[in-house]
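File shown: coords.pdb (PDB, C-alpha atoms).
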MODEL        1
ATOM      1  CA  MET B   1      33.805  16.649 -63.620
ATOM      2  CA  THR B   2      30.287  17.717 -62.657
ATOM      3  CA  ARG B   3      28.402  15.823 -60.010
ATOM      4  CA  MET B   4      25.059  14.281 -60.811
ATOM      5  CA  GLY B   5      21.985  15.010 -58.718
ATOM      6  CA  PHE B   6      20.851  18.030 -56.736
ATOM      7  CA  ILE B   7      23.496  17.643 -54.014
ATOM      8  CA  GLN B   8      26.478  19.482 -55.484
ATOM      9  CA  ASP B   9      28.807  20.468 -52.643
ATOM     10  CA  GLU B  10      29.597  20.105 -48.937
ATOM     11  CA  LEU B  11      27.003  22.688 -47.899
ATOM     12  CA  ASP B  12      24.289  20.761 -49.745
ATOM     13  CA  LEU B  13      25.421  17.570 -47.970
ATOM     14  CA  LYS B  14      25.285  19.273 -44.576
ATOM     15  CA  LEU B  15      21.780  20.565 -45.288
ATOM     16  CA  LEU B  16      20.730  17.063 -46.323
ATOM     17  CA  VAL B  17      22.225  15.498 -43.183
ATOM     18  CA  MET B  18      20.525  18.019 -40.908
ATOM     19  CA  TYR B  19      17.210  17.531 -42.720
ATOM     20  CA  ILE B  20      17.407  13.765 -42.179
ATOM     21  CA  MET B  21      18.631  13.968 -38.588
ATOM     22  CA  ALA B  22      15.884  16.405 -37.573
ATOM     23  CA  ARG B  23      13.272  13.926 -38.828
ATOM     24  CA  ALA B  24      14.732  10.677 -37.521
ATOM     25  CA  ALA B  25      12.704   9.262 -34.618
ATOM     26  CA  GLY B  26      15.865   8.684 -32.596
ATOM     27  CA  PRO B  27      19.634   8.454 -32.780
ATOM     28  CA  ILE B  28      20.893   6.640 -35.886
ATOM     29  CA  THR B  29      24.150   5.116 -37.097
ATOM     30  CA  PHE B  30      26.182   6.545 -39.948
ATOM     31  CA  LEU B  31      25.163   3.633 -42.180
ATOM     32  CA  GLN B  32      21.468   4.292 -41.504
ATOM     33  CA  LEU B  33      22.054   7.955 -42.365
ATOM     34  CA  TYR B  34      23.937   6.938 -45.509
ATOM     35  CA  ASP B  35      21.077   4.668 -46.639
ATOM     36  CA  ILE B  36      18.589   7.520 -46.272
ATOM     37  CA  ALA B  37      20.928  10.080 -47.881
ATOM     38  CA  LEU B  38      21.326   7.962 -51.023
ATOM     39  CA  CYS B  39      18.129   9.606 -52.241
ATOM     40  CA  ASP B  40      20.300  11.773 -54.479
ATOM     41  CA  ALA B  41      23.003  10.789 -56.975
ATOM     42  CA  GLY B  42      25.275  13.553 -55.646
ATOM     43  CA  VAL B  43      25.844  11.722 -52.355
ATOM     44  CA  ASP B  44      28.946   9.600 -51.823
ATOM     45  CA  TYR B  45      30.187   7.820 -48.701
ATOM     46  CA  PHE B  46      33.386   9.783 -48.129
ATOM     47  CA  SER B  47      31.917  13.250 -48.673
ATOM     48  CA  LEU B  48      28.968  12.392 -46.437
ATOM     49  CA  ASN B  49      31.324  11.129 -43.727
ATOM     50  CA  GLN B  50      33.325  14.354 -43.917
ATOM     51  CA  ALA B  51      30.161  16.470 -43.698
ATOM     52  CA  VAL B  52      28.917  14.498 -40.668
ATOM     53  CA  GLN B  53      32.249  14.878 -38.880
ATOM     54  CA  HIS B  54      32.192  18.631 -39.513
ATOM     55  CA  LEU B  55      28.634  18.863 -38.148
ATOM     56  CA  VAL B  56      29.795  17.057 -34.998
ATOM     57  CA  THR B  57      32.759  19.426 -34.660
ATOM     58  CA  THR B  58      30.541  22.505 -35.053
ATOM     59  CA  GLY B  59      28.026  21.248 -32.476
ATOM     60  CA  ASN B  60      25.122  20.575 -34.841
ATOM     61  CA  LEU B  61      25.281  16.811 -34.251
ATOM     62  CA  GLN B  62      26.331  14.809 -31.233
ATOM     63  CA  LYS B  63      27.920  11.396 -31.347
ATOM     64  CA  ASP B  64      27.329   8.789 -28.649
ATOM     65  CA  GLY B  65      29.183   5.595 -29.500
ATOM     66  CA  ASP B  66      28.068   4.698 -33.022
ATOM     67  CA  LEU B  67      24.906   6.806 -32.841
ATOM     68  CA  PHE B  68      24.380  10.346 -34.107
ATOM     69  CA  SER B  69      21.609  12.735 -33.114
ATOM     70  CA  PRO B  70      20.961  16.435 -33.670
ATOM     71  CA  THR B  71      21.739  18.947 -30.952
ATOM     72  CA  GLU B  72      19.317  21.761 -30.153
ATOM     73  CA  LYS B  73      21.550  24.040 -32.239
ATOM     74  CA  GLY B  74      21.334  21.543 -35.101
ATOM     75  CA  ARG B  75      17.534  21.372 -34.876
ATOM     76  CA  ARG B  76      17.261  25.170 -35.013
ATOM     77  CA  ASN B  77      19.632  25.364 -37.975
ATOM     78  CA  SER B  78      17.724  22.623 -39.762
ATOM     79  CA  GLU B  79      14.419  24.485 -39.351
ATOM     80  CA  ILE B  80      15.978  27.582 -40.870
ATOM     81  CA  THR B  81      17.563  25.802 -43.845
ATOM     82  CA  ASP B  82      15.005  23.077 -44.710
ATOM     83  CA  SER B  83      13.619  24.955 -47.677
ATOM     84  CA  SER B  84      17.124  25.208 -49.203
ATOM     85  CA  LEU B  85      16.930  21.543 -50.226
ATOM     86  CA  PRO B  86      15.045  20.787 -53.448
ATOM     87  CA  TYR B  87      11.528  19.476 -52.881
ATOM     88  CA  SER B  88      12.270  16.215 -54.717
ATOM     89  CA  VAL B  89      15.195  15.481 -52.356
ATOM     90  CA  ARG B  90      13.087  16.253 -49.276
ATOM     91  CA  ALA B  91      10.239  14.069 -50.539
ATOM     92  CA  LYS B  92      12.569  11.129 -51.224
ATOM     93  CA  CYS B  93      14.182  11.514 -47.776
ATOM     94  CA  ASP B  94      10.770  11.575 -46.123
ATOM     95  CA  GLU B  95       9.809   8.423 -48.017
ATOM     96  CA  ASN B  96      13.047   6.677 -46.983
ATOM     97  CA  LEU B  97      12.602   7.739 -43.352
ATOM     98  CA  VAL B  98       9.238   5.991 -42.944
ATOM     99  CA  ALA B  99      10.649   2.481 -42.518
ATOM    100  CA  LEU B 100      13.590   3.653 -40.416
ATOM    101  CA  ASN B 101      11.357   5.672 -38.084
ATOM    102  CA  ASP B 102       8.967   2.744 -37.681
ATOM    103  CA  ALA B 103      11.895   0.531 -36.644
ATOM    104  CA  LEU B 104      13.287   3.193 -34.278
ATOM    105  CA  ARG B 105       9.895   3.696 -32.610
ATOM    106  CA  ARG B 106       9.426  -0.034 -32.157
ATOM    107  CA  GLN B 107      12.922  -0.275 -30.687
ATOM    108  CA  GLN B 108      12.005   2.443 -28.170
ATOM    109  CA  GLN B 109       8.649   0.845 -27.347
ATOM    110  CA  VAL B 110       9.804  -2.779 -27.036
ATOM    111  CA  GLN B 111      12.921  -3.310 -24.949
ATOM    112  CA  ALA B 112      14.410  -6.443 -23.441
ATOM    113  CA  GLN B 113      17.645  -6.516 -21.489
ATOM    114  CA  VAL B 114      19.463  -9.571 -20.127
ATOM    115  CA  GLU B 115      21.810  -9.005 -17.176
ATOM    116  CA  PRO B 116      23.920 -12.073 -16.257
ATOM    117  CA  GLN B 117      24.478 -12.579 -12.511
ATOM    118  CA  LYS B 118      27.552 -13.958 -10.740
ATOM    119  CA  ASP B 119      25.687 -17.105  -9.681
ATOM    120  CA  GLY B 120      24.947 -18.113 -13.304
ATOM    121  CA  THR B 121      21.363 -16.822 -13.333
ATOM    122  CA  CYS B 122      20.222 -13.675 -15.088
ATOM    123  CA  HIS B 123      17.773 -10.833 -14.657
ATOM    124  CA  LEU B 124      15.534 -10.222 -17.638
ATOM    125  CA  SER B 125      14.025  -6.738 -17.798
ATOM    126  CA  LEU B 126      11.172  -6.148 -20.237
ATOM    127  CA  LEU B 127       9.504  -2.894 -21.250
ATOM    128  CA  LEU B 128       6.499  -2.375 -23.493
ATOM    129  CA  ALA B 129       5.404   1.225 -24.034
ATOM    130  CA  ASP B 130       3.297   3.347 -26.306
ATOM    131  CA  GLU B 131       3.103   7.105 -26.909
ATOM    132  CA  SER B 132       1.542   7.696 -23.481
ATOM    133  CA  GLY B 133       4.189   5.782 -21.512
ATOM    134  CA  PRO B 134       4.948   2.292 -20.189
ATOM    135  CA  LEU B 135       2.270  -0.402 -20.537
ATOM    136  CA  LEU B 136       4.363  -3.169 -19.000
ATOM    137  CA  LYS B 137       7.556  -3.204 -16.955
ATOM    138  CA  LEU B 138       8.676  -6.622 -15.831
ATOM    139  CA  SER B 139      11.855  -7.920 -14.242
ATOM    140  CA  VAL B 140      12.270 -11.635 -13.723
ATOM    141  CA  LEU B 141      15.072 -13.910 -12.551
ATOM    142  CA  LEU B 142      15.833 -16.739 -14.995
ATOM    143  CA  PRO B 143      18.099 -19.785 -14.591
ATOM    144  CA  SER B 144      20.695 -18.794 -17.212
ATOM    145  CA  PRO B 145      21.673 -16.036 -19.639
ATOM    146  CA  GLN B 146      20.813 -18.409 -22.508
ATOM    147  CA  GLU B 147      17.245 -18.755 -21.210
ATOM    148  CA  GLY B 148      17.158 -14.986 -20.753
ATOM    149  CA  ALA B 149      18.260 -14.410 -24.353
ATOM    150  CA  LYS B 150      15.570 -16.790 -25.664
ATOM    151  CA  ALA B 151      12.891 -15.114 -23.553
ATOM    152  CA  ALA B 152      14.058 -11.644 -24.628
ATOM    153  CA  GLU B 153      13.830 -12.609 -28.288
ATOM    154  CA  ARG B 154      10.338 -14.104 -27.820
ATOM    155  CA  PHE B 155       9.245 -10.879 -26.153
ATOM    156  CA  ARG B 156      10.694  -8.726 -28.954
ATOM    157  CA  GLN B 157       8.849 -10.830 -31.543
ATOM    158  CA  SER B 158       5.389 -10.545 -29.944
ATOM    159  CA  PRO B 159       5.304  -8.264 -26.896
ATOM    160  CA  ASP B 160       1.550  -7.790 -27.194
ATOM    161  CA  GLN B 161       0.975 -11.508 -26.657
ATOM    162  CA  LEU B 162       2.791 -11.481 -23.291
ATOM    163  CA  TYR B 163       1.019  -8.291 -22.292
ATOM    164  CA  HIS B 164      -2.426  -9.765 -23.017
ATOM    165  CA  GLN B 165      -1.602 -13.040 -21.258
ATOM    166  CA  ILE B 166      -0.438 -11.251 -18.111
ATOM    167  CA  ALA B 167      -3.429  -8.895 -18.151
ATOM    168  CA  ALA B 168      -5.831 -11.844 -18.613
ATOM    169  CA  LEU B 169      -4.172 -13.762 -15.787
ATOM    170  CA  LEU B 170      -4.372 -10.785 -13.444
ATOM    171  CA  CYS B 171      -7.969  -9.961 -14.343
ATOM    172  CA  GLN B 172      -9.512 -13.419 -14.393
ATOM    173  CA  ASP B 173     -12.016 -14.423 -11.743
ATOM    174  CA  ASP B 174     -10.581 -16.834  -9.228
ATOM    175  CA  ALA B 175     -12.332 -20.165  -9.845
ATOM    176  CA  HIS B 176     -10.809 -21.608  -6.689
ATOM    177  CA  GLU B 177     -12.598 -19.366  -4.208
ATOM    178  CA  GLU B 178     -14.145 -21.325  -1.393
ATOM    179  CA  GLU B 179     -17.899 -21.221  -1.062
ATOM    180  CA  PRO B 180     -19.400 -20.572   2.432
TER     181      PRO B 180
ENDMDL
END
Step by step, read the file and then write its structure as structure tokens.
Amino acid sequence: MTRMGFIQDELDLKLLVMYIMARAAGPITFLQLYDIALCDAGVDYFSLNQAVQHLVTTGNLQKDGDLFSPTEKGRRNSEITDSSLPYSVRAKCDENLVALNDALRRQQQVQAQVEPQKDGTCHLSLLLADESGPLLKLSVLLPSPQEGAKAAERFRQSPDQLYHQIAALLCQDDAHEEEP
């Protein structure tokens, strides 16, 4: 039975995987890769999984926990073979990668980590960054991990609001200065 789509065999799948991985803004899970790779009717879960495992074995991809990322060898090989994929497949992959890359960049730029302490309190570490580097790094002790989790979620939802409030507080004129 003939496969539908431009992706016809394992080599095509490997080229597709390397194309996607070289353009992802960071490490991604297999399911994220699968969602992007569904741009062609010739892709199926089991064949894609087999191709990914082979790319890990050959040193083109590295696996860290549930996350996959290209190795330097994989990036070089992807550059060489990019044009082997049909233009329509590359264009659809690029289109599918936009939303994923936006989410990955935001995840890298807005980070909140809660570290429970033995005494029942927790340290909340916050990071807000842009392309040039960190804009805000803050570590604060909170009364409980539950409070830390709430604060972390608030920060993830609107990190710019906290940044502007802190900057305004630090830059405001002190109205309580004593006059001579």
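When only C-alpha atoms are used to compute distances to Gln146 (chain B), the closest of the residues B:Leu97, B:Leu38, B:Val114, B:Leu170 turns out to be B:Val114.
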Requested in this report: Could you state which residues are captured by the PyMOL selection byres ((chain B and resi 32) around 12) in this file, as a PyMOL selection string?
Outcome: chain B and resi 17+20-21+24+26-31+33-38+45+66-69+96-97+99-101+103-104
Query raised in the report: What's the 10 Å shell around Ser88 (chain B), counting only C-alpha atoms, without same-chain residues fewer than 5 positions away, as a PyMOL selection string?
Result: chain B and resi 6+39-40+93-94
Report task. Determine the residue membership of the PyMOL selection byres ((chain B and resi 12) around 12) for the file above and supply it as a list in words. Result ->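 Here the PyMOL selection byres ((chain B and resi 12) around 12) matches Gly5, Phe6, Ile7, Gln8, Asp9, Glu10, Leu11, Leu13, Lys14, Leu15, Leu16, Val17, Met18, Tyr19, Ala37, Asp40, Gly42, Val43, Ser47, Leu48, Ala51, Val52, Thr81, Asp82, Ser83, Ser84, Leu85, Pro86 and Val89 of chain B.
Going from CA of Glu72 (chain B) to CA of Gln53 (chain B) covers 17.1 Å.
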Report task. Run the PyMOL selection byres ((chain B and resi 151-155) around 8) on the file and write out the hits as a PyMOL selection string. Result -> chain B and resi 112-114+124+126+147-150+156-159+162
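Take CA of Val56 (chain B) and CA of Thr71 (chain B): the distance between them is 9.2 Å.
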Query raised in the report: Which distance in Å separates CA of Leu128 (chain B) and CA of His164 (chain B), to one decimal?
Result: 11.6 Å
Please write out, as AutoDock Vina command-line options, where the centre of an axis-aligned box around all listed atoms of region 112-115 of chain B lies and how long its edges are, in Å to one decimal, after adding 8 Å on each side.
--center_x 18.1 --center_y -8.0 --center_z -20.3 --size_x 23.4 --size_y 19.1 --size_z 22.3
Supply region 114-125 of chain B as a short mmCIF file (atom, residue, chain, number, x, y, z; two decimals), keeping the file's coordinate frame, with all heavy atoms built in where the input has gaps.
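Once written, rebuild-v1.cif looks like this:
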data_model
loop_
_atom_site.label_atom_id
_atom_site.label_comp_id
_atom_site.auth_asym_id
_atom_site.auth_seq_id
_atom_site.Cartn_x
_atom_site.Cartn_y
_atom_site.Cartn_z
N VAL B 114 19.02 -8.42 -20.91
CA VAL B 114 19.46 -9.57 -20.13
C VAL B 114 20.71 -9.16 -19.35
O VAL B 114 21.69 -8.71 -19.95
CB VAL B 114 19.78 -10.78 -21.04
CG1 VAL B 114 20.28 -11.95 -20.22
CG2 VAL B 114 18.56 -11.15 -21.86
N GLU B 115 20.67 -9.33 -18.03
CA GLU B 115 21.81 -9.01 -17.18
C GLU B 115 22.28 -10.27 -16.45
O GLU B 115 21.64 -10.70 -15.49
CB GLU B 115 21.42 -7.95 -16.15
CG GLU B 115 21.00 -6.63 -16.74
CD GLU B 115 20.49 -5.66 -15.68
OE1 GLU B 115 21.05 -5.63 -14.57
OE2 GLU B 115 19.53 -4.95 -15.98
N PRO B 116 23.39 -10.87 -16.92
CA PRO B 116 23.92 -12.07 -16.26
C PRO B 116 24.33 -11.76 -14.81
O PRO B 116 24.83 -10.67 -14.53
CB PRO B 116 25.14 -12.44 -17.10
CG PRO B 116 24.93 -11.75 -18.41
CD PRO B 116 24.16 -10.51 -18.11
N GLN B 117 24.11 -12.71 -13.93
CA GLN B 117 24.48 -12.58 -12.51
C GLN B 117 25.68 -13.47 -12.21
O GLN B 117 25.95 -14.42 -12.93
CB GLN B 117 23.28 -12.96 -11.63
CG GLN B 117 22.03 -12.14 -11.89
CD GLN B 117 22.22 -10.66 -11.60
OE1 GLN B 117 22.56 -10.29 -10.48
NE2 GLN B 117 22.03 -9.83 -12.62
N LYS B 118 26.35 -13.20 -11.11
CA LYS B 118 27.55 -13.96 -10.74
C LYS B 118 27.25 -15.43 -10.46
O LYS B 118 28.10 -16.29 -10.68
CB LYS B 118 28.20 -13.34 -9.50
CG LYS B 118 28.83 -11.99 -9.77
CD LYS B 118 29.42 -11.42 -8.51
CE LYS B 118 29.97 -10.03 -8.77
NZ LYS B 118 30.50 -9.39 -7.57
N ASP B 119 26.03 -15.72 -10.02
CA ASP B 119 25.69 -17.10 -9.68
C ASP B 119 25.22 -17.93 -10.88
O ASP B 119 24.76 -19.06 -10.74
CB ASP B 119 24.64 -17.14 -8.57
CG ASP B 119 23.31 -16.53 -9.01
OD1 ASP B 119 23.20 -16.04 -10.15
OD2 ASP B 119 22.37 -16.54 -8.19
N GLY B 120 25.33 -17.37 -12.10
CA GLY B 120 24.95 -18.11 -13.30
C GLY B 120 23.52 -17.85 -13.77
O GLY B 120 23.14 -18.26 -14.85
N THR B 121 22.73 -17.18 -12.94
CA THR B 121 21.36 -16.82 -13.33
C THR B 121 21.41 -15.50 -14.11
O THR B 121 22.49 -14.97 -14.38
CB THR B 121 20.46 -16.66 -12.10
OG1 THR B 121 20.96 -15.59 -11.29
CG2 THR B 121 20.41 -17.95 -11.28
N CYS B 122 20.26 -14.99 -14.44
CA CYS B 122 20.22 -13.68 -15.09
C CYS B 122 18.92 -12.97 -14.75
O CYS B 122 17.90 -13.61 -14.45
CB CYS B 122 20.40 -13.80 -16.59
SG CYS B 122 18.93 -14.38 -17.46
N HIS B 123 18.97 -11.65 -14.78
CA HIS B 123 17.77 -10.83 -14.66
C HIS B 123 17.35 -10.44 -16.07
O HIS B 123 18.17 -9.97 -16.85
CB HIS B 123 18.03 -9.56 -13.85
CG HIS B 123 17.99 -9.77 -12.38
ND1 HIS B 123 19.07 -9.54 -11.58
CD2 HIS B 123 17.00 -10.22 -11.58
CE1 HIS B 123 18.75 -9.82 -10.33
NE2 HIS B 123 17.50 -10.24 -10.30
N LEU B 124 16.09 -10.64 -16.37
CA LEU B 124 15.53 -10.22 -17.64
C LEU B 124 14.60 -9.06 -17.35
O LEU B 124 13.66 -9.19 -16.56
CB LEU B 124 14.75 -11.37 -18.29
CG LEU B 124 13.97 -11.02 -19.56
CD1 LEU B 124 14.90 -10.57 -20.67
CD2 LEU B 124 13.14 -12.22 -20.01
N SER B 125 14.87 -7.92 -17.96
CA SER B 125 14.02 -6.74 -17.80
C SER B 125 13.32 -6.47 -19.11
O SER B 125 13.95 -6.38 -20.17
CB SER B 125 14.86 -5.52 -17.42
OG SER B 125 15.52 -5.75 -16.19
#
